[in-house]
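Contents: one structure, followed by commentary.
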Amino acid sequence: MYAMWEISKSQKLLDAAAIYEGYPTFFSITLHHGGKFTKFPGRTYIDEKLDYVNFIDMDEFSVHELDYMMQQLGYEVPPVIYYHFQIPNGDFDFGLRALGNDLDVLTLGKFIEDNKVIHVYTEHGETRLLTYFMSPRVKPRVVIEELDNVDAMDNLNHEKEGERLDLSLVLFRSPEYSKQRKANHGEVMDKAQGPLTPTGSKLLEKNRLESVQYRARWNGTAKYEVYGPWHDQHVVDMGEMTCTCRKWKLNGIPCKHAIATIHEMGDNGERVGELYTYVNNVYLLSTWREAYSYKVDPIKGRVMWPKSNCPFTLTPPPHHTQPGRPKVKRKRSADEKSLSQSQGKRLTRKFVSVRCGKCKNRGHNSRSCKGQGGN
């Protein structure tokens, strides 16, 4: 393990703002250790020892680095050490934040651009601060294994007061990106049936089953008039690969009208080929294999992104309250309405002729009736 940072031997804090100019990810830590916090309110940190750690790179910083710093100062890790950092200009009652995992380190990273010196406080064995347990908990993302051969780490063994501090070499392996996971992903794609992805095959088969209820009439060019039940009639243009229902153009899969047209073309002796050849390439397994054959480079978190040089701040447009009572019900699509009717749910009153309770005539109700009939 190689660390760029160093613990100052002069017990003096460097001029961090001047030294780190041009290095936005570098900062220093004022490390308060060996003490303890008093009770809330009016909390203070007593019986402390003070050291300065310089040339810390935020891109390489983690809680493990803090453990290593404490080992350099002569502490044993374990036992458990709790780390806290103080928000710039914050007090001990409400301005302390935990440093217990990677998410806490990212929170710390938000302050280093404008504050090159961060105060870190330690507690040993137990903590009085509830903020440590309010920190976001994350599952461990690395597996730590000790290696038998530690010859490469001999230069990190230090002698201090007759005691020898041995640092074992550890191997970090991320289970999320193991070779086994990559192999499993390939097996899933190999199990897919046919040239299309499972989703593409399912949607195409659904449209094919519905197409048997439709008939197509050729107009002498590349266009066909397709008609079916419920007065459903559309125009399919095989030259442009479109249908007036727009579904073929929207999702890239031939709609039921287009499939009926393809069947009509085949019945008339035309060479139409396989049905999947009319599906957009995005649903082909070969396209997915090619897309996943490349590696995606990891990127830093957004707290480490460089700030924009835009001279002004973009703000959202002003909000204008719309007139009328706001709607509380979601607008349902046409497919949802037809599905609810087919499942035996309540029908709508659309296309229903109303009979008047007074005059018994159709076309209006008793409230708007102007006749003389009824009671």
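We label chains A, B, ... in the order they appear in the structure tokens, count residues from 1 in each chain, and number ligands from 1 in the order shown.
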- prompt: Neighbours of A:Glu240 within 10 Å (only C-alpha atoms; same-chain residues fewer than 6 positions away dropped), as a PyMOL selection string?
  reply: chain A and resi 222-223+249
task: For stretch 271-286 of chain A, work out the shell of residues within 10 Å, counting only C-alpha atoms and skipping chain neighbours fewer than 5 positions away, then give it as an MDAnalysis selection string.
output: chainID A and resid 189:190 192:201 204 208 241 248:249 251:254 258:259 262:266 291
query: Hey, what does DSSP flag as strand (DSSP E or B) within stretch 191-331 of chain A? Can you give it to me as a list in words?
result: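 After running DSSP on the backbone, stretch 191-331 of chain A has strand (DSSP E or B) at Leu196, Arg215, Ala216, Arg217, Trp218, Lys223, Tyr224, Glu225, Val226, Tyr227, Gln233, His234, Val235, Val236, Asp237, Thr242, Cys243 and Leu284 of chain A.
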If you keep C-alpha atoms, can you produce a file of those selected residues as a PDB file, in the first residue's frame?
```pdb
ATOM      1  CA  LEU A 196     -34.632 -11.683 -31.335  1.00  0.00           C
ATOM      2  CA  ARG A 215     -57.400  -8.573 -44.136  1.00  0.00           C
ATOM      3  CA  ALA A 216     -55.311  -6.471 -46.510  1.00  0.00           C
ATOM      4  CA  ARG A 217     -56.178  -5.065 -49.954  1.00  0.00           C
ATOM      5  CA  TRP A 218     -53.447  -4.003 -52.370  1.00  0.00           C
ATOM      6  CA  LYS A 223     -49.661   0.575 -50.018  1.00  0.00           C
ATOM      7  CA  TYR A 224     -52.305  -1.701 -48.537  1.00  0.00           C
ATOM      8  CA  GLU A 225     -55.675  -1.027 -46.954  1.00  0.00           C
ATOM      9  CA  VAL A 226     -55.973  -3.203 -43.851  1.00  0.00           C
ATOM     10  CA  TYR A 227     -59.327  -3.675 -42.113  1.00  0.00           C
ATOM     11  CA  GLN A 233     -58.945   0.226 -40.642  1.00  0.00           C
ATOM     12  CA  HIS A 234     -55.465   1.570 -41.442  1.00  0.00           C
ATOM     13  CA  VAL A 235     -53.091   2.088 -44.342  1.00  0.00           C
ATOM     14  CA  VAL A 236     -49.776   0.200 -44.425  1.00  0.00           C
ATOM     15  CA  ASP A 237     -46.966   1.498 -46.643  1.00  0.00           C
ATOM     16  CA  THR A 242     -45.017   2.495 -41.763  1.00  0.00           C
ATOM     17  CA  CYS A 243     -48.622   2.132 -40.657  1.00  0.00           C
ATOM     18  CA  LEU A 284     -31.631  -8.464 -32.467  1.00  0.00           C
TER      19      LEU A 284
END
```
field: Top pick for closest residue to A:Asn101, considering A:Met4, A:Val63, A:Val77, A:Leu14 and counting only C-alpha atoms
entry: A:Val63
Selection: 10 Å around A:Phe40, only C-alpha atoms, excl. self and same-chain fewer than 6 positions, as an NGL selection string: :A and (92-94 or 128-129)
message: DSSP on the backbone: which residues in stretch 183-286 of chain A end up as helix (DSSP H, G or I)? Give the answer as a ChimeraX atom specification.
response: /A:183-191,198-211,229-231,247-251,256-267,275-278,281-283,285-286
